[in-house]
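Q: Mind having a look at this structure? Questions to follow.
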Amino acid sequence: MIDMNSLKNVHLIGIGGIGVSALAEILIHNNIKVTGSDIHSSEITKHLETLGVEIFYNHSEDNIHSDMDLLVYSSAVGENNAEMKKAKDLQIPIMSRSEIQGIIMKDFESSIAIAGAHGKTTATSMTSVIFNQTDLDPTVLIGAIVPEIGGNAKIGNSNIIITEACEYKENFLDFHYNTAVVLNIDEDHLDYFEDLNHIVDAFTKFANQLPTKKGQLIINNDDFNAKKILSHLTIDNVITFGISNDSNYTATNITYSDLGTPKFDLLFNGELAGKIELSIPGRHNIYNSLAAISIAHNYGIEFDIIQNALRSFKGAQRRFEFKGTYNGAKIIDDYAHHPSEIKATLEAAKKIQDKKIIVAFQPHTYTRTKELLSEFSLAFENADEIIITDIYAARETDDLGIHSKDLTELIVKNGKKATYCASFDEAKEYLIQKLDENTLFFTMGAGNIYLLGEMLI
């Protein structure tokens, strides 16, 4: 086991990633010298450089030196990485990002881990913004840039830490926490998980890692798959939230503004606790807000503070983010990269006035595209036209026999207008003829599809 107090020099592979960069800020705060490597410069890497981090814009064995105490890698880094190999040769300890984050979390008396197939970034952001309006002053690690906390990480001065907890490769089992949140469970990351049952089993382990007496599980009482774990729990304290089923925290009397933003009455154990108004659209964000409300209230935060914080929250970066306009069309970027997320985003979009919806979607990973091809083809029901770009490989190689043209053809077969574009330049030229003031244009995906919107703007 690594002793945090013994670390002087740590190298992070993939330091420009949203999770690894947040971890870098924690290490810097602990007076540890941080170096890192990434392929591209970005706003994130530039920010870290202002904090004194030396960043190499390549992956080379020359970046690794014997005086390093630890090498940390993200899930996107493969075993054949040159820096990983050199570290092994030099017998430098190697840990995954989730392992070192788990060690950091052990130092906090109160640790909140927010998990779920969808929504964890937004729910974690909401929770952090609520806590930020109190004197609780938590440390925060989020998978997106959140303006209200000044980035994707915040260094607090209390014994509380709030973080996302990703289920990929069961990484969240490396964490240490006494509050666990399960927003939902869905079929995803099938390059690791065998099937849905395997995923449910991982979330069950996540819940049962809580301290038996002092731990608390906060769970979506409406999510069919999440509820499967309830009969397998070994902990005592379970707190529920929902819309359809009676829960400890319930949203009722839901209405939507012309911009698709919800208002609802909040019931706590069946009694009216207040009225909640969100500034971000969609029914899915009601669930995210209920999770944040449940966490905050159980940490003693009053409902009026919760109300004000949620009303002021404008959303995390790349979550229904308004980017600008082109020829009068509003350009919105969203991280949605799973069929359920696409459906939720487009359902929210449909409530925004009466405009034509055009989507440029970049599939993320060959495995996800292949395994969920049918589900993806049906996810664009609320779009008027869809543009499909090439698959963003991320951590994978193109050896599964799947192509974006396959998805395009299946969408067309299901009765929607869809076009494949081999490059962002080709997509831009196509869109120039399509976009006007009567259009909402979405860039969607977990890769770099947002660049298409920026090209238009």
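Order determines the names: the first chain of the structure tokens is A, the second B, and so forth; residues in each chain are numbered 1 upward, and ligands are numbered 1 upward as they are shown.
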Would you mind listing what lies within 10 Å of A:Asp69 as a PyMOL selection string, with only C-alpha atoms counted and same-chain residues fewer than 4 positions away left out?

A: chain A and resi 2+6-11+65+91-94

Q: What's the 9 Å shell around stretch 80-84 of chain A, counting only C-alpha atoms, without same-chain residues fewer than 5 positions away, as a PyMOL selection string?

A: chain A and resi 13+59-64+71+73+89+94

Q: Can you list, as a count of residues only, every protein, DNA or RNA residue that comes within 10 Å of A:Asn225 when you count only C-alpha atoms, leaving out same-chain residues fewer than 4 positions away?

A: 13

Q: Could you give me, as a PyMOL selection string, the residues within 9 Å of stretch 163-178 of chain A, counting only C-alpha atoms and dropping anything in the same chain fewer than 6 positions from it?

A: chain A and resi 75+96-106+108-117+120-121+123-124+139-143+188-189+192-193+199+202-203+205-206+209-211+214-217

Q: Using DSSP on the backbone, list every residue of stretch 99-297 of chain A that comes out as alpha helix (DSSP H), and give them as number ranges by chain.

A: A: 99-105, 120-132, 196-208, 224-227, 283-297

Q: May I have the residues from that selection written out with C-alpha atoms, as a PDB file, in the first residue's frame?

A:
```
ATOM      1  CA  GLU A  99      -6.574   3.063  -6.820  1.00  0.00           C
ATOM      2  CA  ILE A 100      -4.733   6.255  -5.891  1.00  0.00           C
ATOM      3  CA  GLN A 101      -8.029   8.122  -5.586  1.00  0.00           C
ATOM      4  CA  GLY A 102      -9.243   5.448  -3.169  1.00  0.00           C
ATOM      5  CA  ILE A 103      -6.152   5.991  -1.021  1.00  0.00           C
ATOM      6  CA  ILE A 104      -6.790   9.740  -1.006  1.00  0.00           C
ATOM      7  CA  MET A 105     -10.426   9.189   0.002  1.00  0.00           C
ATOM      8  CA  LYS A 120     -23.267  11.100 -12.256  1.00  0.00           C
ATOM      9  CA  THR A 121     -21.420  14.182 -13.493  1.00  0.00           C
ATOM     10  CA  THR A 122     -24.517  16.365 -13.235  1.00  0.00           C
ATOM     11  CA  ALA A 123     -25.608  14.902  -9.876  1.00  0.00           C
ATOM     12  CA  THR A 124     -22.087  15.372  -8.477  1.00  0.00           C
ATOM     13  CA  SER A 125     -22.005  18.929  -9.834  1.00  0.00           C
ATOM     14  CA  MET A 126     -25.380  19.751  -8.272  1.00  0.00           C
ATOM     15  CA  THR A 127     -24.302  18.300  -4.935  1.00  0.00           C
ATOM     16  CA  SER A 128     -21.072  20.281  -4.985  1.00  0.00           C
ATOM     17  CA  VAL A 129     -22.845  23.544  -5.814  1.00  0.00           C
ATOM     18  CA  ILE A 130     -25.252  22.995  -2.897  1.00  0.00           C
ATOM     19  CA  PHE A 131     -22.411  22.256  -0.449  1.00  0.00           C
ATOM     20  CA  ASN A 132     -20.538  25.267  -1.832  1.00  0.00           C
ATOM     21  CA  LEU A 196     -26.371  -6.641 -17.439  1.00  0.00           C
ATOM     22  CA  ASN A 197     -26.289  -9.127 -14.555  1.00  0.00           C
ATOM     23  CA  HIS A 198     -22.540  -8.597 -14.254  1.00  0.00           C
ATOM     24  CA  ILE A 199     -23.143  -4.828 -14.052  1.00  0.00           C
ATOM     25  CA  VAL A 200     -25.848  -5.213 -11.387  1.00  0.00           C
ATOM     26  CA  ASP A 201     -23.474  -7.441  -9.420  1.00  0.00           C
ATOM     27  CA  ALA A 202     -20.793  -4.726  -9.553  1.00  0.00           C
ATOM     28  CA  PHE A 203     -23.211  -2.116  -8.206  1.00  0.00           C
ATOM     29  CA  THR A 204     -24.285  -4.538  -5.463  1.00  0.00           C
ATOM     30  CA  LYS A 205     -20.650  -4.865  -4.402  1.00  0.00           C
ATOM     31  CA  PHE A 206     -20.362  -1.072  -4.516  1.00  0.00           C
ATOM     32  CA  ALA A 207     -23.314  -0.697  -2.127  1.00  0.00           C
ATOM     33  CA  ASN A 208     -22.147  -3.454   0.202  1.00  0.00           C
ATOM     34  CA  PHE A 224     -35.774  -1.056 -12.416  1.00  0.00           C
ATOM     35  CA  ASN A 225     -32.180  -2.302 -12.476  1.00  0.00           C
ATOM     36  CA  ALA A 226     -31.043  -0.256  -9.482  1.00  0.00           C
ATOM     37  CA  LYS A 227     -33.829  -1.753  -7.364  1.00  0.00           C
ATOM     38  CA  ARG A 283     -36.938  14.879 -16.610  1.00  0.00           C
ATOM     39  CA  HIS A 284     -33.624  13.077 -16.144  1.00  0.00           C
ATOM     40  CA  ASN A 285     -32.311  16.134 -14.324  1.00  0.00           C
ATOM     41  CA  ILE A 286     -35.168  15.895 -11.839  1.00  0.00           C
ATOM     42  CA  TYR A 287     -33.685  12.546 -10.788  1.00  0.00           C
ATOM     43  CA  ASN A 288     -30.205  14.053 -10.629  1.00  0.00           C
ATOM     44  CA  SER A 289     -31.497  16.875  -8.444  1.00  0.00           C
ATOM     45  CA  LEU A 290     -33.338  14.443  -6.148  1.00  0.00           C
ATOM     46  CA  ALA A 291     -30.070  12.586  -5.589  1.00  0.00           C
ATOM     47  CA  ALA A 292     -28.296  15.842  -4.755  1.00  0.00           C
ATOM     48  CA  ILE A 293     -31.149  16.896  -2.454  1.00  0.00           C
ATOM     49  CA  SER A 294     -31.029  13.557  -0.641  1.00  0.00           C
ATOM     50  CA  ILE A 295     -27.277  13.858  -0.059  1.00  0.00           C
ATOM     51  CA  ALA A 296     -27.364  17.489   1.053  1.00  0.00           C
ATOM     52  CA  HIS A 297     -30.315  17.101   3.410  1.00  0.00           C
TER      53      HIS A 297
END
```

Q: Nearest to A:Asn414 among A:Phe380, A:Leu400, A:Ala273, A:Lys356, with distances taken over only C-alpha atoms: which residue is it?

A: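 Result for the nearest residue to A:Asn414: A:Phe380.
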
Q: Hey, which of A:Gly14, A:Gly151, A:Gly282, A:Gly19 ends up closest to A:Gly119? Count only C-alpha atoms.

A: A:Gly282

Q: One decimal, Å: what's the distance from atom CA of A:Ile306 over to atom CA of A:Asp258, could you say?

A: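 So the two atoms, atom CA of A:Ile306 and atom CA of A:Asp258, lie 23.5 Å apart.
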
Q: In Å, how far is it from atom CA of A:Phe313 to atom CA of A:Glu148?

A: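 According to the coordinates, atom CA of A:Phe313 and atom CA of A:Glu148 are separated by 7.7 Å.
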
Q: Any idea what's packed within 7 Å of A:Ile391, counting only C-alpha atoms, ignoring anything in its chain fewer than 2 positions away? Could you give it as number ranges by chain?

A: A: 362-366, 389, 393, 404

Q: Check the smallest atom-to-atom distance from each of A:Ala76, A:Leu440, A:Ile15, A:Ala22 to A:Arg395 using only C-alpha atoms, then report the winner.

A: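 Smallest distance to A:Arg395 is found for A:Ala76.
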
Q: Please return as a PyMOL selection string: the residues of stretch 360-447 of chain A that backbone DSSP assigns to strand (DSSP E or B).

A: chain A and resi 360-361+364+385-388+392+417-420+439-444

Q: So that I can see what lies close to A:Glu321, please list as a PyMOL selection string the residues with an atom at most 6 Å from it, counting only C-alpha atoms and leaving out residues fewer than 3 positions away in the same chain.

A: chain A and resi 318+332-333

Q: In terms of the shortest atom-to-atom distance over only C-alpha atoms, which of A:Glu409, A:Glu277, A:Glu194, A:Glu25 is closest to A:Lys263?

A: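 The closest residue to A:Lys263 is A:Glu277.
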
Q: Atom CA of A:Ile32 and atom CA of A:Asn5 are how many Å apart?

A: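 These two atoms are separated by 9.2 Å.
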
Q: Ranking A:Leu272, A:Ile155, A:Leu12, A:Met444 by minimum distance to A:Thr252 and counting only C-alpha atoms, which one comes first?

A: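 Of A:Leu272, A:Ile155, A:Leu12, A:Met444, the one nearest A:Thr252 is A:Leu272, counting only C-alpha atoms.
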